[in-house]
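J.: Sharing model-v6.txt, compact mmCIF, C-alpha atoms:
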# COMPACT_ATOMS: atom_id res chain seq x y z
CA MET A 1 56.70 -24.88 40.35
CA SER A 2 56.11 -28.38 41.72
CA GLU A 3 57.04 -29.85 38.30
CA THR A 4 60.43 -28.13 38.40
CA ILE A 5 61.14 -29.34 41.94
CA SER A 6 60.14 -32.94 41.26
CA LYS A 7 62.06 -33.29 38.00
CA PHE A 8 65.05 -35.60 38.34
CA TYR A 9 67.95 -34.98 35.95
CA THR A 10 69.97 -38.00 34.86
CA CYS A 11 73.40 -37.95 33.25
CA ARG A 12 71.73 -37.92 29.87
CA ASN A 13 72.00 -34.20 30.54
CA ASP A 14 75.57 -33.04 29.93
CA ARG A 15 75.47 -30.56 32.82
CA ALA A 16 74.46 -33.28 35.27
CA PHE A 17 77.18 -35.54 33.82
CA LYS A 18 79.81 -32.88 34.50
CA GLU A 19 78.51 -32.21 38.02
CA VAL A 20 78.71 -35.91 38.89
CA PHE A 21 81.98 -36.94 37.29
CA MET A 22 84.18 -33.86 37.20
CA LYS A 23 85.14 -34.10 40.87
CA GLU A 24 88.16 -35.55 42.61
CA GLU A 25 85.90 -37.64 44.85
CA SER A 26 84.18 -39.13 41.77
CA LYS A 27 87.33 -40.41 40.08
CA ASP A 28 86.66 -43.96 41.24
CA ILE A 29 83.25 -44.21 39.56
CA LEU A 30 84.59 -42.36 36.50
CA THR A 31 87.36 -44.97 36.32
CA LYS A 32 84.80 -47.80 36.40
CA LEU A 33 82.84 -46.15 33.58
CA LEU A 34 85.91 -45.63 31.37
CA GLU A 35 87.27 -49.13 31.98
CA SER A 36 83.91 -50.68 31.05
CA ILE A 37 83.99 -48.84 27.71
CA LEU A 38 87.66 -49.13 26.77
CA ASP A 39 88.41 -52.52 28.37
CA VAL A 40 91.74 -51.27 29.76
CA LYS A 41 93.11 -50.38 33.18
CA ILE A 42 92.73 -46.65 33.85
CA GLU A 43 94.98 -44.92 36.37
CA ASP A 44 96.22 -41.43 37.20
CA ILE A 45 93.21 -39.46 35.95
CA GLU A 46 93.86 -35.73 35.69
CA PHE A 47 91.10 -33.27 34.78
CA LEU A 48 92.17 -30.96 31.96
CA ASN A 49 90.80 -27.57 30.90
CA LEU A 50 87.39 -28.03 29.26
CA GLU A 51 87.82 -24.94 27.09
CA ARG A 52 90.22 -25.22 24.16
CA ASN A 53 91.82 -21.91 23.23
CA VAL A 54 92.15 -21.38 19.49
CA ASP A 55 94.70 -19.45 17.50
CA ASN A 56 92.21 -17.82 15.12
CA ILE A 57 89.85 -15.15 16.51
CA HIS A 58 87.26 -16.14 13.88
CA VAL A 59 87.06 -19.72 15.25
CA ARG A 60 84.76 -20.40 18.19
CA ARG A 61 86.29 -21.76 21.38
CA LYS A 62 85.65 -25.45 21.93
CA HIS A 63 84.01 -26.66 25.13
CA PHE A 64 84.38 -30.33 26.08
CA ASP A 65 82.06 -32.20 28.44
CA LEU A 66 85.02 -34.01 29.98
CA PHE A 67 88.71 -33.85 29.09
CA LEU A 68 91.17 -36.15 30.82
CA GLN A 69 94.84 -37.05 30.95
CA THR A 70 95.28 -40.72 31.89
CA ASN A 71 97.94 -43.39 31.88
CA ILE A 72 96.75 -44.56 28.42
CA GLY A 73 96.53 -41.08 26.87
CA LYS A 74 94.11 -38.20 26.48
CA ILE A 75 90.38 -38.92 26.66
CA GLN A 76 87.49 -36.66 25.70
CA VAL A 77 83.93 -37.55 26.69
CA GLU A 78 80.95 -35.95 24.95
CA VAL A 79 77.32 -36.44 26.04
CA ASN A 80 74.94 -36.04 23.10
CA ALA A 81 71.31 -36.11 24.25
CA GLU A 82 70.14 -35.54 20.67
CA LYS A 83 71.62 -36.16 17.24
CA PRO A 84 71.58 -32.97 15.17
CA ASN A 85 72.94 -33.10 11.61
CA TYR A 86 76.13 -31.36 12.72
CA LEU A 87 76.92 -33.80 15.55
CA HIS A 88 79.69 -35.79 13.85
CA PRO A 89 81.44 -32.78 12.22
CA ARG A 90 81.35 -30.88 15.51
CA ASN A 91 82.68 -33.76 17.62
CA ALA A 92 85.28 -34.55 14.95
CA SER A 93 86.49 -30.95 15.09
CA PHE A 94 86.97 -31.33 18.86
CA ILE A 95 89.04 -34.51 18.69
CA PHE A 96 91.03 -33.52 15.59
CA ASP A 97 91.97 -30.24 17.26
CA THR A 98 93.16 -32.13 20.33
CA TYR A 99 95.10 -34.56 18.14
CA SER A 100 96.72 -31.69 16.23
CA HIS A 101 97.91 -30.00 19.42
CA GLU A 102 99.20 -33.28 20.80
CA VAL A 103 101.33 -34.37 17.83
CA LYS A 104 102.85 -30.91 17.49
CA LYS A 105 104.41 -31.17 20.93
CA GLY A 106 108.11 -31.98 21.24
CA ASP A 107 110.83 -32.11 18.61
CA GLU A 108 109.27 -34.69 16.30
CA TYR A 109 105.95 -36.03 15.04
CA ASN A 110 105.08 -39.35 16.63
CA GLU A 111 102.17 -41.59 17.63
CA ASP A 112 103.23 -42.07 21.22
CA THR A 113 100.13 -40.52 22.83
CA LEU A 114 96.76 -42.16 22.33
CA VAL A 115 93.91 -39.68 21.75
CA ILE A 116 90.41 -41.03 22.41
CA GLN A 117 86.95 -39.56 22.09
CA ILE A 118 83.98 -41.27 23.75
CA ASN A 119 80.55 -40.15 22.53
CA LEU A 120 77.65 -41.11 24.78
CA SER A 121 74.99 -40.55 22.15
CA TYR A 122 71.22 -40.87 21.96
CA SER A 123 69.12 -41.15 18.78
CA LEU A 124 71.99 -42.72 16.86
CA SER A 125 71.15 -44.39 13.55
CA ILE A 126 73.42 -47.40 14.13
CA GLU A 127 72.57 -50.97 15.14
CA GLU A 128 75.65 -51.70 17.27
CA LEU A 129 75.97 -50.96 20.97
CA VAL A 130 79.40 -49.53 20.28
CA ARG A 131 80.89 -48.43 16.98
CA ILE A 132 84.64 -47.75 16.89
CA TYR A 133 86.14 -45.39 14.31
CA LYS A 134 89.79 -45.33 13.29
CA VAL A 135 91.65 -43.68 10.42
CA ARG A 136 92.09 -46.54 7.94
CA ASP A 137 91.99 -47.19 4.21
CA GLU A 138 89.45 -49.44 2.48
CA ASP A 139 91.66 -52.48 3.11
CA GLY A 140 91.93 -51.82 6.85
CA ASN A 141 95.46 -50.43 6.82
CA GLU A 142 95.89 -47.79 9.52
CA TYR A 143 96.92 -44.30 8.45
CA ILE A 144 97.59 -43.41 12.08
CA LYS A 145 97.24 -45.72 15.06
CA ASN A 146 96.74 -43.30 17.96
CA LEU A 147 93.33 -41.75 17.23
CA ILE A 148 90.15 -43.64 18.17
CA ILE A 149 86.51 -42.53 18.39
CA TYR A 150 83.91 -44.56 20.30
CA ASP A 151 80.23 -44.01 19.51
CA ILE A 152 78.12 -45.50 22.31
CA ASN A 153 74.49 -46.13 21.34
CA MET A 154 72.84 -45.12 24.61
CA ASP A 155 69.34 -46.06 23.43
CA LYS A 156 70.54 -49.63 22.87
CA ILE A 157 72.16 -49.54 26.30
CA LYS A 158 68.81 -48.55 27.84
CA ASP A 159 67.15 -51.44 25.94
CA ILE A 160 69.42 -53.83 27.87
CA TRP A 161 67.94 -52.49 31.09
CA TYR A 162 64.42 -53.08 29.80
CA SER A 163 65.37 -56.60 28.64
CA LYS A 164 65.97 -57.60 32.29
CA SER A 165 68.87 -59.83 31.24
CA ARG A 166 70.93 -60.13 34.42
CA ASN A 167 74.17 -60.99 32.61
CA GLU A 168 73.86 -58.13 30.12
CA ILE A 169 72.86 -55.66 32.82
CA GLU A 170 75.87 -56.65 34.91
CA LYS A 171 78.18 -56.25 31.91
CA TYR A 172 76.94 -52.76 30.97
CA LYS A 173 75.78 -51.48 34.38
CA TYR A 174 78.08 -48.43 34.43
CA LEU A 175 76.66 -47.21 31.13
CA ILE A 176 73.11 -48.23 32.02
CA MET A 177 73.14 -46.23 35.26
CA LEU A 178 73.72 -42.95 33.40
CA ASP A 179 70.09 -42.61 32.29
CA LEU A 180 68.18 -44.26 35.13
CA ASN A 181 65.82 -42.44 37.47
CA GLN A 182 65.98 -42.78 41.25
CA GLU A 183 63.82 -45.90 41.53
CA GLU A 184 65.63 -47.61 38.67
CA LEU A 185 69.00 -46.80 40.23
CA LYS A 186 67.91 -48.40 43.50
CA THR A 187 66.88 -51.50 41.60
CA LEU A 188 70.21 -51.61 39.73
CA GLU A 189 72.15 -51.21 42.98
CA GLU A 190 70.17 -54.07 44.54
CA LEU A 191 70.81 -56.28 41.51
CA SER A 192 74.51 -55.55 41.25
CA GLN A 193 75.41 -54.98 44.91
CA ASP A 194 78.02 -52.59 43.52
CA ARG A 195 79.36 -49.77 45.69
CA SER A 196 80.21 -47.71 42.62
CA VAL A 197 76.58 -47.77 41.48
CA ASP A 198 75.48 -46.82 45.00
CA LYS A 199 77.98 -43.94 45.12
CA TYR A 200 76.90 -42.73 41.68
CA MET A 201 73.24 -42.79 42.77
CA LYS A 202 73.94 -40.76 45.92
CA THR A 203 76.15 -38.29 44.04
CA LEU A 204 73.49 -37.74 41.37
CA GLU A 205 70.84 -37.22 44.06
CA GLU A 206 73.07 -34.60 45.72
CA VAL A 207 73.49 -32.84 42.38
CA ASN A 208 69.73 -32.76 41.86
CA GLN A 209 69.25 -31.27 45.32
CA ASN A 210 71.80 -28.53 44.69
CA PRO A 211 69.88 -25.23 44.29
CA ASP A 212 72.61 -23.73 42.08
CA PHE A 213 72.37 -26.67 39.69
CA ARG A 214 68.58 -26.51 39.57
CA GLU A 215 68.70 -22.76 38.99
CA PHE A 216 71.12 -23.30 36.11
CA MET A 217 68.95 -26.03 34.61
CA SER A 218 65.82 -23.91 34.98
CA ALA A 219 67.49 -21.01 33.13
CA GLU A 220 68.87 -23.36 30.46
CA GLU A 221 65.50 -24.98 29.84
CA ASP A 222 63.81 -21.59 29.75
CA ASN A 223 66.27 -20.41 27.10
CA ARG A 224 65.70 -23.58 25.09
CA LYS A 225 61.93 -23.10 25.24
CA ILE A 226 62.33 -19.50 24.11
CA GLU A 227 64.53 -20.62 21.21
CA ASN A 228 62.02 -23.30 20.21
CA SER A 229 59.14 -20.82 20.41
CA LEU A 230 60.97 -18.24 18.30
CA ARG A 231 61.90 -20.92 15.78
CA ARG A 232 58.29 -22.11 15.55
CA GLU A 233 57.03 -18.53 15.17
CA ALA A 234 59.56 -17.89 12.41
CA ILE A 235 58.50 -21.05 10.58
CA GLU A 236 54.82 -20.22 10.91
CA LYS A 237 55.41 -16.65 9.79
CA GLY A 238 57.44 -17.89 6.82
CA LEU A 239 54.70 -20.33 5.87
CA ALA A 240 52.01 -17.65 6.21
CA GLU A 241 54.02 -15.16 4.14
CA GLY A 242 54.73 -17.84 1.57
CA LEU A 243 51.04 -18.72 1.36
CA GLU A 244 50.04 -15.07 1.05
CA GLN A 245 52.67 -14.49 -1.62
CA GLY A 246 51.54 -17.62 -3.44
CA ILE A 247 47.92 -16.44 -3.42
CA GLU A 248 48.92 -13.01 -4.72
CA GLN A 249 51.04 -14.56 -7.44
CA GLY A 250 48.18 -16.90 -8.34
CA ILE A 251 45.71 -14.03 -8.62
CA GLU A 252 48.19 -11.97 -10.64
CA GLN A 253 48.98 -14.91 -12.92
CA GLY A 254 45.25 -15.66 -13.32
CA SER A 255 44.50 -12.06 -14.23
CA THR A 256 47.31 -12.04 -16.78
CA GLU A 257 46.14 -15.31 -18.34
CA LYS A 258 42.56 -13.96 -18.47
CA ALA A 259 43.74 -10.78 -20.21
CA ILE A 260 45.70 -12.82 -22.72
CA GLU A 261 42.65 -14.97 -23.37
CA ILE A 262 40.46 -11.88 -23.96
CA ALA A 263 43.08 -10.40 -26.29
CA ARG A 264 43.12 -13.63 -28.27
Spell out the structure here as structure tokens.
T.:
Amino acid sequence: MSETISKFYTCRNDRAFKEVFMKEESKDILTKLLESILDVKIEDIEFLNLERNVDNIHVRRKHFDLFLQTNIGKIQVEVNAEKPNYLHPRNASFIFDTYSHEVKKGDEYNEDTLVIQINLSYSLSIEELVRIYKVRDEDGNEYIKNLIIYDINMDKIKDIWYSKSRNEIEKYKYLIMLDLNQEELKTLEELSQDRSVDKYMKTLEEVNQNPDFREFMSAEEDNRKIENSLRREAIEKGLAEGLEQGIEQGIEQGSTEKAIEIAR
């Protein structure tokens, strides 16, 4: 019980990320985060529906971590605490679906609205801090100009924090703060003297103290543990059955070979 109470959830967890940033009163710190990634001025943020309805009943509904309408276009944010094999296809399906709905609006196809996906990803197998994807040919010619995907290597971002480089920490502080614990956040706030970092820290602490949030996280973690246990049991059972079957086949094959040898 004490372990559950003392656990502090950072915004590496997508639920905590939503609880912190998907609020009207958090738009200022969300703006700082987006501007630090995209290097543009962000204004007029509007929260859009996180669930994308689909036209085909056989296609699962799509749930975004954050979906925004801004002065520069539509922005999706996805928090990926792990990197499963299906990560890129799944996230691509989200942004391509959004792009498809956007260009179908109006009386003509155009590239007027920028559609951006930001992936805050851990366990990425890339060397860069940020990798930007666009639809281009092998010579760099753009097929379309209004679709951009940002892959943020959050492990590399955390390495900057450990490096203790003041200049680098100041440059990436809004990304760094997303996976810092309480003591680390206090240190970052003292280093940067930034009100946005201080507000983020206090908002995250309030989220962690919310009993509804902790109840949700407890149920989610319990379900994940159950899934992992069932998966492990299935693997072990499969291995045991495979071993037993292999032994039986070996005995049967040995008996057959022995009979053939006697017949010879």
J.: Give me the residues within 8 Å of stretch 32-40 of chain A as a PDB file with C-alpha atoms, in the frame of the given file, counting only C-alpha atoms and dropping any in the same chain fewer than 2 places off.
T.:
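Now in part00.pdb:
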ATOM      1  CA  ASP A  28      86.660 -43.960  41.240  1.00  0.00           C
ATOM      2  CA  ILE A  29      83.250 -44.210  39.560  1.00  0.00           C
ATOM      3  CA  LEU A  30      84.590 -42.360  36.500  1.00  0.00           C
ATOM      4  CA  ILE A  42      92.730 -46.650  33.850  1.00  0.00           C
ATOM      5  CA  TYR A 172      76.940 -52.760  30.970  1.00  0.00           C
ATOM      6  CA  TYR A 174      78.080 -48.430  34.430  1.00  0.00           C
ATOM      7  CA  LEU A 175      76.660 -47.210  31.130  1.00  0.00           C
ATOM      8  CA  SER A 196      80.210 -47.710  42.620  1.00  0.00           C
TER       9      SER A 196
END
J.: Identify, on the basis of only C-alpha atoms, every residue whose closest approach to A:Glu168 does not exceed 12 Å; exclude the query and any residue fewer than 4 positions from it along the same chain; express the result as a PyMOL selection string.
T.: chain A and resi 129+156-164+172-176+191-192
J.: Which of these residues is nearest to A:Glu82, using all atoms listed in the file: A:Thr70, A:Ser229, A:Asn119, A:Thr113?
T.: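 Of A:Thr70, A:Ser229, A:Asn119, A:Thr113, the one nearest A:Glu82 is A:Asn119, counting all atoms listed in the file.
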J.: Fewer than 4 positions away in the same chain doesn't count, so skip those; otherwise give me all residues within 10 Å of stretch 202-218 of chain A, counting all atoms listed in the file, as a list in words.
T.: Thr4, Ile5, Ser6, Lys7, Phe8, Tyr9, Thr10, Cys11, Asn13, Arg15, Ala16, Phe17, Glu19, Val20, Phe21, Glu25, Ser26, Leu178, Asn181, Gln182, Leu185, Ser196, Val197, Asp198, Asp222, Asn223 and Arg224 of chain A
J.: With distances taken over only C-alpha atoms, which residue among A:Glu170, A:Gly73, A:Lys23, A:Asp179 lies nearest A:Asp194?
T.: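 Distance minimum relative to A:Asp194 lands on A:Glu170.
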J.: One decimal, in Å: what's the spacing between atom CA of A:Leu239 and atom CA of A:Ser123?
T.: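 Atom-to-atom, atom CA of A:Leu239 and atom CA of A:Ser123 are spaced 28.4 Å apart.
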J.: Which residue, A:Glu46, A:Leu147, A:Gln69, A:Asp139, has the smallest gap to A:Phe96 when you use only C-alpha atoms?
T.: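 Of A:Glu46, A:Leu147, A:Gln69, A:Asp139, the one nearest A:Phe96 is A:Leu147, counting only C-alpha atoms.
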J.: Atom CA of A:Met154 to atom CA of A:Glu127: how many Å, to one decimal?
T.: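 Distance reported for this atom pair: 11.1 Å.
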J.: Quick one: of A:Asp14, A:Asp44, A:Pro84, A:Glu24, who's nearest to A:Phe64, counting all atoms listed in the file?
T.: A:Asp14
J.: Quick one: residues within 7 Å of (79.7, -39.3, 17.0) (file frame), counting all atoms listed in the file, please, as a list in words.
T.: Leu87, His88, Asn91, Asn119 and Asp151 of chain A
J.: Can you pull out the residues contacting A:Ile149? Cut-off 8 Å, using all atoms listed in the file, and skip same-chain residues under 4 positions away; I want them as a ChimeraX atom specification.
T.: /A:116-119,132-134
J.: Give me, please, the distance in Å between atom CA of A:Glu111 and atom CA of A:Asn49, quoted to one decimal.
T.: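 Pair atom CA of A:Glu111 / atom CA of A:Asn49 returns 22.4 Å.
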J.: For A:Glu78, which residue out of A:Asp112, A:Lys18, A:Tyr99, A:Asp107 is the nearest one, using only C-alpha atoms?
T.: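 Using only C-alpha atoms, the shortest distance to A:Glu78 belongs to A:Lys18.
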J.: Counting only C-alpha atoms, which residues sit no farther than 12 Å from the position (90.3, -30.9, 27.7) in the file's frame? I'd like them as number ranges by chain.
T.: A: 22, 46-53, 61-70, 73-78, 94-95, 97-99, 101-102, 115-117
